[in-house]
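**Student:** Just so it is clear, I am handing over structure25.pdb, which has PDB, C-alpha atoms and all ligand atoms.
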```pdb
MODEL        1
ATOM      1  CA  MET A 421      -6.311 -31.329-146.253
ATOM      2  CA  HIS A 422      -6.920 -30.759-149.918
ATOM      3  CA  CYS A 423      -9.224 -28.009-151.136
ATOM      4  CA  TRP A 424     -11.293 -27.864-154.273
ATOM      5  CA  LEU A 425     -11.753 -24.211-154.938
ATOM      6  CA  LYS A 426     -15.057 -23.008-156.198
ATOM      7  CA  PRO A 427     -15.662 -19.256-156.331
ATOM      8  CA  THR A 428     -19.261 -19.230-155.109
ATOM      9  CA  ALA A 429     -19.315 -22.338-152.979
ATOM     10  CA  PRO A 430     -16.079 -23.300-151.250
ATOM     11  CA  CYS A 431     -15.665 -27.013-150.777
ATOM     12  CA  ALA A 432     -13.083 -28.811-148.680
ATOM     13  CA  VAL A 433     -12.068 -32.408-149.133
ATOM     14  CA  PHE A 434     -10.530 -34.161-146.161
ATOM     15  CA  THR A 435      -8.537 -37.215-147.012
ATOM     16  CA  LYS A 436      -8.186 -38.309-143.402
ATOM     17  CA  PRO A 437     -11.160 -39.109-141.164
ATOM     18  CA  LEU A 438     -12.157 -36.446-138.647
ATOM     19  CA  ASN A 439     -13.502 -37.289-135.250
ATOM     20  CA  LEU A 440     -17.056 -36.533-134.227
ATOM     21  CA  LYS A 441     -16.122 -33.542-132.070
ATOM     22  CA  ALA A 442     -14.661 -31.756-135.093
ATOM     23  CA  GLN A 443     -17.742 -32.699-137.068
ATOM     24  CA  GLN A 444     -20.164 -31.379-134.442
ATOM     25  CA  VAL A 445     -18.302 -28.082-134.186
ATOM     26  CA  MET A 446     -18.444 -27.749-137.979
ATOM     27  CA  ARG A 447     -22.187 -28.377-137.952
ATOM     28  CA  MET A 448     -23.007 -26.046-135.114
ATOM     29  CA  ASN A 449     -20.795 -23.156-136.144
ATOM     30  CA  SER A 450     -21.661 -22.974-139.792
ATOM     31  CA  HIS A 451     -24.510 -24.536-141.645
ATOM     32  CA  THR A 452     -22.385 -26.626-143.944
ATOM     33  CA  LEU A 453     -23.413 -29.849-145.590
ATOM     34  CA  THR A 454     -20.772 -32.501-144.960
ATOM     35  CA  VAL A 455     -20.633 -35.881-146.653
ATOM     36  CA  THR A 456     -18.488 -38.499-144.911
ATOM     37  CA  PHE A 457     -17.833 -41.635-146.913
ATOM     38  CA  LEU A 458     -18.009 -44.365-144.282
ATOM     39  CA  GLY A 459     -17.703 -47.023-147.006
ATOM     40  CA  THR A 460     -16.874 -46.875-150.729
ATOM     41  CA  GLY A 461     -16.762 -50.505-151.890
ATOM     42  CA  SER A 462     -19.149 -52.561-154.012
ATOM     43  CA  ALA A 463     -20.847 -55.735-152.776
ATOM     44  CA  ASP A 464     -17.554 -57.555-153.523
ATOM     45  CA  LEU A 465     -15.683 -55.527-150.863
ATOM     46  CA  TYR A 466     -12.144 -54.347-151.576
ATOM     47  CA  PRO A 467     -10.282 -56.682-151.072
ATOM     48  CA  ALA A 468     -12.829 -59.448-151.615
ATOM     49  CA  PRO A 469     -12.458 -61.779-148.630
ATOM     50  CA  PHE A 470     -12.256 -64.972-150.687
ATOM     51  CA  CYS A 471      -9.868 -63.646-153.327
ATOM     52  CA  ASN A 472      -6.142 -63.218-153.756
ATOM     53  CA  CYS A 473      -6.106 -61.664-157.224
ATOM     54  CA  GLU A 474      -3.568 -58.930-157.961
ATOM     55  CA  ASN A 475      -5.870 -56.058-156.909
ATOM     56  CA  CYS A 476      -7.150 -57.743-153.747
ATOM     57  CA  ASP A 477      -3.602 -58.632-152.671
ATOM     58  CA  ALA A 478      -2.336 -55.119-153.491
ATOM     59  CA  ALA A 479      -5.074 -53.626-151.296
ATOM     60  CA  ARG A 480      -4.044 -55.924-148.424
ATOM     61  CA  THR A 481      -0.410 -54.889-148.878
ATOM     62  CA  TYR A 482      -0.973 -51.111-149.185
ATOM     63  CA  GLY A 483      -3.944 -50.866-146.782
ATOM     64  CA  GLY A 484      -5.178 -47.298-146.101
ATOM     65  CA  SER A 485      -7.274 -45.850-148.910
ATOM     66  CA  ASP A 486      -7.124 -49.111-150.855
ATOM     67  CA  LEU A 487      -9.379 -50.846-148.292
ATOM     68  CA  ARG A 488     -13.090 -50.347-148.922
ATOM     69  CA  SER A 489     -16.116 -51.271-146.798
ATOM     70  CA  PHE A 490     -19.631 -51.426-148.252
ATOM     71  CA  SER A 491     -20.757 -48.070-149.663
ATOM     72  CA  CYS A 492     -22.694 -45.644-147.496
ATOM     73  CA  ALA A 493     -22.432 -41.940-146.667
ATOM     74  CA  LEU A 494     -23.134 -39.930-143.528
ATOM     75  CA  ILE A 495     -24.601 -36.452-144.088
ATOM     76  CA  CYS A 496     -23.472 -34.142-141.262
ATOM     77  CA  ASP A 497     -23.920 -36.421-138.242
ATOM     78  CA  ASP A 498     -27.650 -37.156-138.414
ATOM     79  CA  LEU A 499     -28.571 -38.599-141.813
ATOM     80  CA  LEU A 500     -27.185 -41.834-143.225
ATOM     81  CA  ILE A 501     -27.588 -42.903-146.849
ATOM     82  CA  ASP A 502     -27.733 -46.706-146.911
ATOM     83  CA  CYS A 503     -27.248 -49.079-144.044
ATOM     84  CA  PRO A 504     -24.833 -51.892-144.981
ATOM     85  CA  PRO A 505     -23.965 -54.773-142.642
ATOM     86  CA  ASP A 506     -20.538 -53.318-141.759
ATOM     87  CA  VAL A 507     -21.625 -49.705-141.128
ATOM     88  CA  ILE A 508     -21.001 -49.999-137.391
ATOM     89  CA  SER A 509     -17.345 -50.956-137.832
ATOM     90  CA  SER A 510     -16.947 -48.389-140.650
ATOM     91  CA  ALA A 511     -18.166 -45.629-138.306
ATOM     92  CA  MET A 512     -15.977 -46.977-135.499
ATOM     93  CA  ARG A 513     -12.887 -46.820-137.733
ATOM     94  CA  CYS A 514     -13.676 -43.176-138.578
ATOM     95  CA  GLY A 515     -14.150 -42.298-134.886
ATOM     96  CA  ILE A 516     -17.794 -41.399-135.502
ATOM     97  CA  SER A 517     -20.697 -42.022-133.122
ATOM     98  CA  LEU A 518     -24.109 -42.581-134.703
ATOM     99  CA  MET A 519     -25.939 -41.319-131.644
ATOM    100  CA  ASN A 520     -27.274 -38.211-133.443
ATOM    101  CA  LEU A 521     -28.701 -40.211-136.328
ATOM    102  CA  LYS A 522     -32.299 -39.100-137.035
ATOM    103  CA  ALA A 523     -32.883 -40.363-140.573
ATOM    104  CA  LEU A 524     -31.877 -43.210-142.807
ATOM    105  CA  LEU A 525     -32.285 -43.022-146.590
ATOM    106  CA  ILE A 526     -32.180 -46.386-148.336
ATOM    107  CA  THR A 527     -31.462 -46.703-152.057
ATOM    108  CA  HIS A 528     -32.689 -50.314-152.427
ATOM    109  CA  SER A 529     -32.869 -53.648-150.650
ATOM    110  CA  HIS A 530     -29.658 -55.347-151.837
ATOM    111  CA  PRO A 531     -27.820 -56.699-148.798
ATOM    112  CA  ASP A 532     -24.765 -54.452-149.266
ATOM    113  CA  HIS A 533     -27.136 -51.444-148.842
ATOM    114  CA  LEU A 534     -29.626 -52.624-146.233
ATOM    115  CA  SER A 535     -28.964 -54.831-143.231
ATOM    116  CA  PRO A 536     -30.685 -54.985-139.807
ATOM    117  CA  THR A 537     -27.381 -54.908-137.901
ATOM    118  CA  LEU A 538     -27.475 -51.172-137.180
ATOM    119  CA  LEU A 539     -31.166 -51.154-136.217
ATOM    120  CA  LEU A 540     -30.772 -54.038-133.840
ATOM    121  CA  SER A 541     -27.759 -52.411-132.190
ATOM    122  CA  ARG A 542     -30.197 -49.769-130.854
ATOM    123  CA  ARG A 543     -31.201 -52.393-128.267
ATOM    124  CA  ALA A 544     -28.010 -51.623-126.315
ATOM    125  CA  ASN A 545     -29.429 -48.416-124.787
ATOM    126  CA  ILE A 546     -32.760 -50.058-123.875
ATOM    127  CA  TRP A 547     -31.016 -53.092-122.439
ATOM    128  CA  ALA A 548     -28.792 -50.902-120.242
ATOM    129  CA  MET A 549     -31.824 -48.964-118.903
ATOM    130  CA  HIS A 550     -33.900 -52.014-118.064
ATOM    131  CA  ARG A 551     -31.419 -54.279-116.355
ATOM    132  CA  PRO A 552     -31.839 -54.454-112.594
ATOM    133  CA  HIS A 553     -28.211 -53.436-112.070
ATOM    134  CA  LYS A 554     -27.786 -49.729-112.675
ATOM    135  CA  PRO A 555     -25.496 -48.688-115.567
ATOM    136  CA  THR A 556     -22.200 -47.289-114.322
ATOM    137  CA  THR A 557     -22.288 -44.559-116.946
ATOM    138  CA  GLN A 558     -24.868 -42.051-118.219
ATOM    139  CA  ILE A 559     -26.875 -43.678-121.062
ATOM    140  CA  PRO A 560     -28.620 -41.306-123.507
ATOM    141  CA  GLN A 561     -32.268 -41.913-124.493
ATOM    142  CA  LEU A 562     -32.818 -43.222-128.015
ATOM    143  CA  SER A 563     -34.278 -40.591-130.301
ATOM    144  CA  GLU A 564     -36.587 -41.598-133.132
ATOM    145  CA  LEU A 565     -35.014 -42.876-136.339
ATOM    146  CA  ALA A 566     -37.012 -42.272-139.521
ATOM    147  CA  ILE A 567     -36.328 -44.711-142.355
ATOM    148  CA  TYR A 568     -37.110 -43.496-145.884
ATOM    149  CA  ALA A 569     -37.108 -46.314-148.438
ATOM    150  CA  ASN A 570     -38.988 -48.059-151.221
ATOM    151  CA  GLU A 571     -41.659 -50.676-150.437
ATOM    152  CA  CYS A 572     -39.329 -53.649-150.912
ATOM    153  CA  SER A 573     -36.815 -52.294-148.383
ATOM    154  CA  LEU A 574     -39.555 -51.328-145.921
ATOM    155  CA  MET A 575     -40.939 -54.882-146.053
ATOM    156  CA  LEU A 576     -37.554 -56.222-144.957
ATOM    157  CA  VAL A 577     -37.344 -53.682-142.133
ATOM    158  CA  ARG A 578     -40.879 -54.520-140.949
ATOM    159  CA  GLN A 579     -39.954 -58.200-140.865
ATOM    160  CA  TRP A 580     -36.843 -57.556-138.728
ATOM    161  CA  LEU A 581     -38.734 -55.290-136.368
ATOM    162  CA  ALA A 582     -41.421 -57.952-135.911
ATOM    163  CA  GLU A 583     -38.683 -60.352-134.787
ATOM    164  CA  GLN A 584     -37.592 -57.819-132.129
ATOM    165  CA  GLN A 585     -41.039 -57.075-130.721
ATOM    166  CA  LYS A 586     -40.017 -56.833-127.104
ATOM    167  CA  TYR A 587     -37.827 -53.805-127.793
ATOM    168  CA  ASP A 588     -39.139 -50.433-128.873
ATOM    169  CA  LEU A 589     -36.359 -49.423-131.229
ATOM    170  CA  LYS A 590     -38.163 -46.114-132.001
ATOM    171  CA  VAL A 591     -38.116 -46.580-135.744
ATOM    172  CA  ARG A 592     -40.586 -44.841-138.063
ATOM    173  CA  LEU A 593     -41.020 -46.014-141.658
ATOM    174  CA  ILE A 594     -41.762 -43.693-144.581
ATOM    175  CA  LYS A 595     -42.299 -44.938-148.113
ATOM    176  CA  LEU A 596     -40.493 -43.008-150.841
ATOM    177  CA  LYS A 597     -42.014 -42.573-154.258
ATOM    178  CA  PRO A 598     -39.986 -41.465-157.267
ATOM    179  CA  PHE A 599     -40.315 -37.824-158.299
ATOM    180  CA  GLU A 600     -41.860 -36.722-154.987
ATOM    181  CA  PRO A 601     -40.116 -34.399-152.506
ATOM    182  CA  TYR A 602     -40.090 -35.294-148.800
ATOM    183  CA  GLN A 603     -39.238 -32.898-146.019
ATOM    184  CA  ILE A 604     -36.911 -34.709-143.602
ATOM    185  CA  ASP A 605     -36.471 -31.812-141.176
ATOM    186  CA  GLU A 606     -36.777 -28.040-141.367
ATOM    187  CA  ALA A 607     -33.455 -27.722-143.206
ATOM    188  CA  THR A 608     -33.568 -30.869-145.342
ATOM    189  CA  THR A 609     -35.585 -32.082-148.316
ATOM    190  CA  VAL A 610     -35.011 -35.173-150.422
ATOM    191  CA  HIS A 611     -36.262 -35.964-153.916
ATOM    192  CA  ALA A 612     -36.176 -39.673-154.757
ATOM    193  CA  MET A 613     -35.651 -40.540-158.426
ATOM    194  CA  PRO A 614     -35.544 -43.901-160.213
ATOM    195  CA  ALA A 615     -32.125 -45.570-160.421
ATOM    196  CA  ALA A 616     -31.208 -47.710-163.426
ATOM    197  CA  HIS A 617     -30.880 -50.730-161.124
ATOM    198  CA  CYS A 618     -32.981 -53.742-160.052
ATOM    199  CA  ILE A 619     -34.922 -53.068-163.262
ATOM    200  CA  GLY A 620     -38.291 -54.866-163.160
ATOM    201  CA  VAL A 621     -37.648 -56.107-159.611
ATOM    202  CA  GLU A 622     -37.935 -53.116-157.291
ATOM    203  CA  ASP A 623     -37.931 -49.310-157.481
ATOM    204  CA  ALA A 624     -34.263 -48.668-156.676
ATOM    205  CA  LEU A 625     -33.681 -44.974-155.966
ATOM    206  CA  ILE A 626     -31.131 -42.218-156.344
ATOM    207  CA  PHE A 627     -31.455 -39.001-154.351
ATOM    208  CA  ALA A 628     -31.306 -35.237-154.732
ATOM    209  CA  LEU A 629     -30.711 -34.029-151.182
ATOM    210  CA  PHE A 630     -31.094 -30.389-150.113
ATOM    211  CA  ARG A 631     -29.800 -28.996-146.834
ATOM    212  CA  PHE A 632     -28.731 -25.493-145.778
ATOM    213  CA  GLY A 633     -29.255 -24.267-149.354
ATOM    214  CA  ARG A 634     -26.846 -26.883-150.735
ATOM    215  CA  CYS A 635     -27.784 -29.643-153.124
ATOM    216  CA  LEU A 636     -26.207 -33.107-153.395
ATOM    217  CA  LEU A 637     -26.808 -35.856-155.945
ATOM    218  CA  TYR A 638     -26.338 -39.364-154.532
ATOM    219  CA  ALA A 639     -26.540 -41.848-157.417
ATOM    220  CA  VAL A 640     -25.063 -45.142-156.249
ATOM    221  CA  ASP A 641     -26.044 -48.550-157.611
ATOM    222  CA  THR A 642     -27.274 -47.204-160.902
ATOM    223  CA  GLY A 643     -26.422 -47.270-164.569
ATOM    224  CA  PHE A 644     -26.555 -44.059-166.610
ATOM    225  CA  PRO A 645     -29.849 -42.431-165.495
ATOM    226  CA  ASN A 646     -32.712 -42.656-167.984
ATOM    227  CA  GLU A 647     -34.077 -39.593-169.804
ATOM    228  CA  GLU A 648     -37.063 -39.255-167.445
ATOM    229  CA  THR A 649     -34.725 -39.039-164.443
ATOM    230  CA  LEU A 650     -32.361 -36.643-166.246
ATOM    231  CA  SER A 651     -35.268 -34.437-167.207
ATOM    232  CA  TYR A 652     -36.400 -34.276-163.531
ATOM    233  CA  MET A 653     -32.799 -33.557-162.459
ATOM    234  CA  ARG A 654     -32.687 -30.543-164.764
ATOM    235  CA  GLN A 655     -34.635 -28.475-162.206
ATOM    236  CA  PHE A 656     -31.605 -28.754-159.853
ATOM    237  CA  GLN A 657     -28.108 -27.270-159.847
ATOM    238  CA  PHE A 658     -26.041 -29.665-157.799
ATOM    239  CA  ASP A 659     -23.177 -28.484-155.579
ATOM    240  CA  ALA A 660     -21.722 -32.026-155.614
ATOM    241  CA  ALA A 661     -22.455 -35.448-157.079
ATOM    242  CA  VAL A 662     -21.628 -38.894-155.684
ATOM    243  CA  VAL A 663     -21.839 -41.427-158.477
ATOM    244  CA  ASP A 664     -21.574 -45.191-159.045
ATOM    245  CA  ALA A 665     -18.424 -46.410-160.816
ATOM    246  CA  THR A 666     -18.643 -50.131-159.990
ATOM    247  CA  TYR A 667     -17.199 -51.343-163.280
ATOM    248  CA  GLY A 668     -14.170 -49.064-163.131
ATOM    249  CA  VAL A 669     -12.000 -49.605-166.207
ATOM    250  CA  SER A 670     -14.128 -52.484-167.574
ATOM    251  CA  ALA A 671     -17.361 -52.397-169.599
ATOM    252  CA  PRO A 672     -20.449 -50.867-167.910
ATOM    253  CA  THR A 673     -23.886 -52.495-167.716
ATOM    254  CA  ARG A 674     -27.411 -51.048-167.687
ATOM    255  CA  GLU A 675     -27.359 -51.308-163.896
ATOM    256  CA  HIS A 676     -23.882 -50.006-163.004
ATOM    257  CA  MET A 677     -21.601 -47.375-164.511
ATOM    258  CA  ASN A 678     -17.854 -47.503-165.112
ATOM    259  CA  ILE A 679     -15.472 -44.542-164.887
ATOM    260  CA  GLN A 680     -15.979 -43.548-168.518
ATOM    261  CA  VAL A 681     -19.778 -43.526-168.233
ATOM    262  CA  ALA A 682     -19.557 -41.599-164.957
ATOM    263  CA  LEU A 683     -17.376 -39.001-166.717
ATOM    264  CA  ALA A 684     -19.953 -38.812-169.517
ATOM    265  CA  LEU A 685     -22.684 -38.211-166.918
ATOM    266  CA  ARG A 686     -20.585 -35.394-165.396
ATOM    267  CA  GLN A 687     -20.160 -33.830-168.828
ATOM    268  CA  ARG A 688     -23.880 -34.070-169.535
ATOM    269  CA  MET A 689     -24.754 -32.549-166.156
ATOM    270  CA  LEU A 690     -22.291 -29.687-166.694
ATOM    271  CA  SER A 691     -23.423 -28.966-170.240
ATOM    272  CA  GLU A 692     -27.123 -28.951-169.241
ATOM    273  CA  GLY A 693     -26.564 -26.825-166.142
ATOM    274  CA  MET A 694     -27.361 -29.565-163.606
ATOM    275  CA  LEU A 695     -23.903 -29.421-162.006
ATOM    276  CA  LYS A 696     -22.188 -26.230-160.893
ATOM    277  CA  GLU A 697     -18.770 -25.505-162.414
ATOM    278  CA  GLY A 698     -16.073 -26.883-160.100
ATOM    279  CA  ALA A 699     -18.551 -28.958-158.078
ATOM    280  CA  PRO A 700     -16.946 -32.095-156.621
ATOM    281  CA  PHE A 701     -17.849 -35.184-158.637
ATOM    282  CA  VAL A 702     -17.084 -38.269-156.565
ATOM    283  CA  LEU A 703     -16.845 -41.870-157.805
ATOM    284  CA  THR A 704     -17.743 -44.623-155.347
ATOM    285  CA  HIS A 705     -19.054 -48.239-155.013
ATOM    286  CA  ILE A 706     -15.754 -49.590-156.354
ATOM    287  CA  SER A 707     -15.045 -53.278-157.047
ATOM    288  CA  PRO A 708     -11.529 -54.803-156.985
ATOM    289  CA  HIS A 709     -12.251 -56.881-160.056
ATOM    290  CA  TRP A 710     -12.781 -54.028-162.471
ATOM    291  CA  THR A 711     -10.900 -51.158-160.834
ATOM    292  CA  PRO A 712      -7.228 -50.845-159.835
ATOM    293  CA  PRO A 713      -6.542 -49.939-156.197
ATOM    294  CA  HIS A 714      -7.049 -46.341-155.050
ATOM    295  CA  HIS A 715      -3.316 -45.563-154.790
ATOM    296  CA  ALA A 716      -2.811 -46.518-158.458
ATOM    297  CA  ILE A 717      -5.480 -44.331-160.108
ATOM    298  CA  ALA A 718      -6.757 -41.622-157.734
ATOM    299  CA  ASN A 719      -4.283 -38.926-158.888
ATOM    300  CA  GLU A 720      -4.939 -39.542-162.558
ATOM    301  CA  LEU A 721      -8.699 -39.260-161.976
ATOM    302  CA  GLU A 722      -8.225 -36.038-160.047
ATOM    303  CA  ARG A 723      -6.452 -34.589-163.089
ATOM    304  CA  LYS A 724      -9.599 -35.480-165.078
ATOM    305  CA  GLY A 725     -11.673 -33.469-162.586
ATOM    306  CA  VAL A 726     -13.174 -36.263-160.500
ATOM    307  CA  LEU A 727     -12.478 -37.612-157.043
ATOM    308  CA  LEU A 728     -12.136 -41.320-156.374
ATOM    309  CA  ALA A 729     -13.748 -41.760-152.952
ATOM    310  CA  HIS A 730     -12.033 -43.669-150.178
ATOM    311  CA  ASP A 731     -13.308 -44.780-146.801
ATOM    312  CA  GLY A 732     -13.151 -41.904-144.310
ATOM    313  CA  MET A 733     -13.059 -39.189-147.001
ATOM    314  CA  ARG A 734     -15.201 -36.137-146.300
ATOM    315  CA  ILE A 735     -16.393 -33.331-148.531
ATOM    316  CA  THR A 736     -17.811 -30.111-147.124
ATOM    317  CA  LEU A 737     -20.201 -28.002-149.166
TER     318      LEU A 737
HETATM  319 ZN    ZN A 801     -24.299 -52.193-154.165
HETATM  320 ZN    ZN A 802      -9.792 -60.162-156.133
HETATM  321 ZN    ZN A 803     -27.669 -53.126-155.826
ENDMDL
END
```
In structure tokens, write the structure found in this file.
Ligand SMILES: [Zn+2]
Ligand SMILES: [Zn+2]
Ligand SMILES: [Zn+2]
**Tutor:**
Amino acid sequence: MHCWLKPTAPCAVFTKPLNLKAQQVMRMNSHTLTVTFLGTGSADLYPAPFCNCENCDAARTYGGSDLRSFSCALICDDLLIDCPPDVISSAMRCGISLMNLKALLITHSHPDHLSPTLLLSRRANIWAMHRPHKPTTQIPQLSELAIYANECSLMLVRQWLAEQQKYDLKVRLIKLKPFEPYQIDEATTVHAMPAAHCIGVEDALIFALFRFGRCLLYAVDTGFPNEETLSYMRQFQFDAAVVDATYGVSAPTREHMNIQVALALRQRMLSEGMLKEGAPFVLTHISPHWTPPHHAIANELERKGVLLAHDGMRITL
């Protein structure tokens, strides 16, 4: 375990996945906000399946932290940010059950961030209850899952649900609008803000998430935020930030950052009081074709004050 020390808000970073039991104990005993990185790769995946370039091959050889699933993050054990097609196997690899999931926050509709696979897997419980032969184990009831997303993403979800009419998957849909706060539960509020992504196509979102008095910025699949977003963010003092660094050591675009731009965002947030001193600043959504493997650059980035996320990493705020 590696610790980032912060005088007013201690934060722990676990570089190995914990199992759910440890996570539940942490949640029940102390009201901490945990962020578990189930996936940290871009839409390319790391390694890209149809590629044997130097970085993809190195990741296959080294394995471990070099292997990245599609990006998504689990908050405590009940709130998931983004729902990629491989989230089930990502959770399985981390030893995490998604049974306590109550809310899903979706950044945008790109297929590496939103897939029906997880929703449709909720049929398993219903199927087990309704078969004539009794299950040989105790099956828990499905609790409601609230999905918070923009209109484009909700349209996709509605379409999938319509195809599964005979099952009641207990899904509730809530449309997010930029610059409006939504209360998710008594301890949790989210503010959606515009991402610099899918410009002119859909309202892609980044999130300021509050829970147990802690505040997290989740800004994945975005270029450097525009001035309107930065001005809204100025009302917050984040305890941690999770930020897009898709283009790694190559040139950024309007719709994705690289490491240098992410570092500039950190500096701006620190200098304008949006980020607490010593707050973890985590880079994620990493592509093999613009970023060397984790083992080659993670230590150097840590010396610059940022963490390069890897699958299974957890931060505790
Ligand atoms: Zn993406
Ligand atoms: Zn490659
Ligand atoms: Zn995207």
**Student:** Do you have the CA of Gly484 in chain A-CA of Glu720 in chain A distance handy?
**Tutor:**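 Those two atoms sit 18.2 Å apart.
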**Student:** Produce a table with one row for each residue of chain A that has an atom at most 6 Å from any atom of ligand ZN 802 (chain A), each row naming the nearest atom pair and its distance in Å at one decimal; use all atoms listed in the file; arrange rows by chain and rising residue number; format as a Markdown table.
**Tutor:**
```
| residue | atom | partner | partner_atom | distance |
| --- | --- | --- | --- | --- |
| A:Ala468 | CA | A:ZN802 | ZN | 5.5 |
| A:Cys471 | CA | A:ZN802 | ZN | 4.5 |
| A:Asn472 | CA | A:ZN802 | ZN | 5.3 |
| A:Cys473 | CA | A:ZN802 | ZN | 4.1 |
| A:Asn475 | CA | A:ZN802 | ZN | 5.7 |
| A:Cys476 | CA | A:ZN802 | ZN | 4.3 |
| A:Pro708 | CA | A:ZN802 | ZN | 5.7 |
| A:His709 | CA | A:ZN802 | ZN | 5.7 |
```
**Student:** Give me a file of those residues, with C-alpha atoms, as a tab-separated table (two decimals), keeping the file's coordinate frame.
**Tutor:**
```
chain	number	residue	atom	x	y	z
A	468	ALA	CA	-12.83	-59.45	-151.62
A	471	CYS	CA	-9.87	-63.65	-153.33
A	472	ASN	CA	-6.14	-63.22	-153.76
A	473	CYS	CA	-6.11	-61.66	-157.22
A	475	ASN	CA	-5.87	-56.06	-156.91
A	476	CYS	CA	-7.15	-57.74	-153.75
A	708	PRO	CA	-11.53	-54.80	-156.99
A	709	HIS	CA	-12.25	-56.88	-160.06
```
**Student:** Carefully work through the PyMOL selection byres (((chain A and resi 452-460) around 8) and not hetatm) for this structure and note down the residues it includes, as a ChimeraX atom specification.
**Tutor:** /A:446-447,450-451,461-462,488-496,507,510-511,514,631-632,634,704-706,729-737
**Student:** Could the residues in this selection be saved with C-alpha atoms as a compact mmCIF listing (two decimals), in the frame of the given file?
**Tutor:**
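Dumped to again_20.txt:
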```txt
# COMPACT_ATOMS: atom_id res chain seq x y z
CA MET A 446 -18.44 -27.75 -137.98
CA ARG A 447 -22.19 -28.38 -137.95
CA SER A 450 -21.66 -22.97 -139.79
CA HIS A 451 -24.51 -24.54 -141.65
CA GLY A 461 -16.76 -50.50 -151.89
CA SER A 462 -19.15 -52.56 -154.01
CA ARG A 488 -13.09 -50.35 -148.92
CA SER A 489 -16.12 -51.27 -146.80
CA PHE A 490 -19.63 -51.43 -148.25
CA SER A 491 -20.76 -48.07 -149.66
CA CYS A 492 -22.69 -45.64 -147.50
CA ALA A 493 -22.43 -41.94 -146.67
CA LEU A 494 -23.13 -39.93 -143.53
CA ILE A 495 -24.60 -36.45 -144.09
CA CYS A 496 -23.47 -34.14 -141.26
CA VAL A 507 -21.62 -49.70 -141.13
CA SER A 510 -16.95 -48.39 -140.65
CA ALA A 511 -18.17 -45.63 -138.31
CA CYS A 514 -13.68 -43.18 -138.58
CA ARG A 631 -29.80 -29.00 -146.83
CA PHE A 632 -28.73 -25.49 -145.78
CA ARG A 634 -26.85 -26.88 -150.74
CA THR A 704 -17.74 -44.62 -155.35
CA HIS A 705 -19.05 -48.24 -155.01
CA ILE A 706 -15.75 -49.59 -156.35
CA ALA A 729 -13.75 -41.76 -152.95
CA HIS A 730 -12.03 -43.67 -150.18
CA ASP A 731 -13.31 -44.78 -146.80
CA GLY A 732 -13.15 -41.90 -144.31
CA MET A 733 -13.06 -39.19 -147.00
CA ARG A 734 -15.20 -36.14 -146.30
CA ILE A 735 -16.39 -33.33 -148.53
CA THR A 736 -17.81 -30.11 -147.12
CA LEU A 737 -20.20 -28.00 -149.17
```
**Student:** Name the residues that the PyMOL selection byres (((not hetatm)) within 12 of (chain A and resi 803)) picks from the file above, as JSON, numbers by chain, using the file's chain letters and numbers.
**Tutor:** {"A": [461, 462, 463, 464, 490, 491, 502, 504, 526, 527, 528, 529, 530, 531, 532, 533, 534, 573, 615, 616, 617, 618, 619, 621, 622, 623, 624, 625, 626, 639, 640, 641, 642, 643, 664, 666, 675, 676, 705]}
**Student:** Nearest to ligand ZN 801 (chain A): which of A:Gln655, A:Thr608, A:Gln579, A:Ser707 is it, counting only C-alpha atoms and all ligand atoms?
**Tutor:**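 The answer is A:Ser707, which sits nearest to ligand ZN 801 (chain A).
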**Student:** Report as a list in words the full result of the PyMOL selection byres (((chain A and resi 609) around 10) and not hetatm) when it is applied to this structure.
**Tutor:**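 Matching residues under the PyMOL selection byres (((chain A and resi 609) around 10) and not hetatm) are Pro601, Tyr602, Gln603, Ile604, Asp605, Glu606, Ala607, Thr608, Val610, His611, Ala612, Ala628, Leu629, Phe630, Arg631, Phe632 and Cys635 of chain A.
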**Student:** Please measure the separation of CA of Phe599 in chain A and CA of Gly698 in chain A, giving the value in Å to one decimal.
**Tutor:**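 Distance between the two atoms: 26.7 Å.
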**Student:** Please compute the CA of Gln585 in chain A-CA of Asn570 in chain A distance, one decimal, in Å.
**Tutor:**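 Between these atoms lies a distance of 22.5 Å.
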**Student:** Determine, counting all atoms listed in the file, which protein, DNA and RNA residues have an atom within 12 Å of an atom of range 546-553 of chain A; residues of the same chain fewer than 2 positions away are not included. Present the result as a PDB file with C-alpha atoms, in the coordinates of the input.
**Tutor:**
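Output contents, as saved in out_33.pdb:
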```
ATOM      1  CA  LEU A 540     -30.772 -54.038-133.840  1.00  0.00           C
ATOM      2  CA  SER A 541     -27.759 -52.411-132.190  1.00  0.00           C
ATOM      3  CA  ARG A 542     -30.197 -49.769-130.854  1.00  0.00           C
ATOM      4  CA  ARG A 543     -31.201 -52.393-128.267  1.00  0.00           C
ATOM      5  CA  ALA A 544     -28.010 -51.623-126.315  1.00  0.00           C
ATOM      6  CA  PRO A 555     -25.496 -48.688-115.567  1.00  0.00           C
ATOM      7  CA  THR A 556     -22.200 -47.289-114.322  1.00  0.00           C
ATOM      8  CA  THR A 557     -22.288 -44.559-116.946  1.00  0.00           C
ATOM      9  CA  GLN A 558     -24.868 -42.051-118.219  1.00  0.00           C
ATOM     10  CA  ILE A 559     -26.875 -43.678-121.062  1.00  0.00           C
ATOM     11  CA  PRO A 560     -28.620 -41.306-123.507  1.00  0.00           C
ATOM     12  CA  GLN A 561     -32.268 -41.913-124.493  1.00  0.00           C
ATOM     13  CA  LEU A 562     -32.818 -43.222-128.015  1.00  0.00           C
ATOM     14  CA  SER A 563     -34.278 -40.591-130.301  1.00  0.00           C
ATOM     15  CA  LYS A 586     -40.017 -56.833-127.104  1.00  0.00           C
ATOM     16  CA  TYR A 587     -37.827 -53.805-127.793  1.00  0.00           C
ATOM     17  CA  ASP A 588     -39.139 -50.433-128.873  1.00  0.00           C
ATOM     18  CA  LEU A 589     -36.359 -49.423-131.229  1.00  0.00           C
ATOM     19  CA  LYS A 590     -38.163 -46.114-132.001  1.00  0.00           C
TER      20      LYS A 590
END
```
